[in-house]
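For reference, the structure discussed in these notes is given below.
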Amino acid sequence: MSYNPFSLEGKTVLVTGASSGIGKATAILCSKLGASVIITARNEERLKDTVSQLEGNNNKIVVADLSGTEGINQLINEVNELDGLVNNAGINKILPIQFVDEHELMNTMQINALSPILLTQGLIKKKRIRKGGAIVFVSSIAGHTRSSVGNSMYCASKGTITGFMKCISKELVIKKIRCNEVLPGQVDTPIMSQGAVTEEQMTALAAHIPMKRLGNPEEIAAGIVFLLSDAASYITGSSLIIDGGLSL
């Protein structure tokens, strides 16, 4: 077989939020490139659907609620050594600032920022990520290069991830672990409908993108897999924008 720097053969990758959207597409692509994949989310039935589409026989489901420390610790205890970690799980809720309350803010920050931070910290502390491994956060251009009315909680949570990623990328160099993030733009995933985006609004969003369409989960997954692979062996602390030119 010819050399393929994008191969994940022999690697084990954990993907959070793998029951749908970007997480599901990432898990499927990782398996196609040879990885053993551990997928996690709260919904067992949807995880079973994802795992049924994975290639290989060494894949695993861990049903866990990462919105609290109990679920995070459960996940950490159920995985062994990893070569890759994809922190993808996330939520969004559109609310003008005058309607933001502490509960909604804390829920968004917990799932989008605190949970991936604590999961990463726990896996590093327990030495679950091998030397030469890679961590990829799925952040967003929201709060980085773009902002929108009513999206303050989401932007704040994703901005937190960017700052965290940059700091730990320096810390983890000594352990030979790379840490990067992808910044998707407008992607056609279930989180869009959860944010009450109508078909008309989706069409309007697409009109403002230079490529005149929303991205699909598989296109974001390709960027994530690149950062997990040896093809990205000299990349750490970087933010890969995948937005069809929306940030231009």
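Labels used: A, B, ... for chains in the order of the structure tokens, numbers from 1 for residues in each chain, and numbers from 1 for ligands as shown.
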
Practice problem: Based on DSSP run over this structure's backbone, return all residues of region 13-173 of chain A in helix (DSSP H, G or I), as a ChimeraX atom specification. | Solution: /A:21-32,44-52,69-78,97-99,102-125,152-173

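When CA of Leu66 (chain A) is paired with CA of Val138 (chain A), their separation reads 15.4 Å.
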
Quiz prompt | Exercise: region 44-54 of chain A partners within 12 Å, only C-alpha atoms, chain neighbours under 4 positions left out, as number ranges by chain | solution = A: 15-40, 58-65

Exercise. Just the residues within 9 Å of region 236-245 of chain A, please, counting only C-alpha atoms, with nothing from its chain fewer than 2 positions along; format it as a VMD selection string.
Key: chain A and resid 134 139 to 141 162 165 to 170 173 177 to 187 209 to 215 219 to 220 223 to 224 227 232 to 234 247 to 248

Practice problem: Compare A:Glu78, A:Asp101, A:Glu171, A:Asp83 by their minimum atom-to-atom distance to Ile129 (chain A), counting only C-alpha atoms, and give me the closest one. | Solution: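 Closest to Ile129 (chain A) of all the choices is A:Asp83.
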
Exercise. Could you pull out the residues in region 129-226 of chain A that DSSP calls strand (DSSP E or B) from the backbone, as a count of residues only?
Key: 21

Quiz prompt | Best match for closeness to Ala89 (chain A) among A:His103, A:Glu200, A:Gly68, A:Pro116, counting only C-alpha atoms | solution = A:Pro116
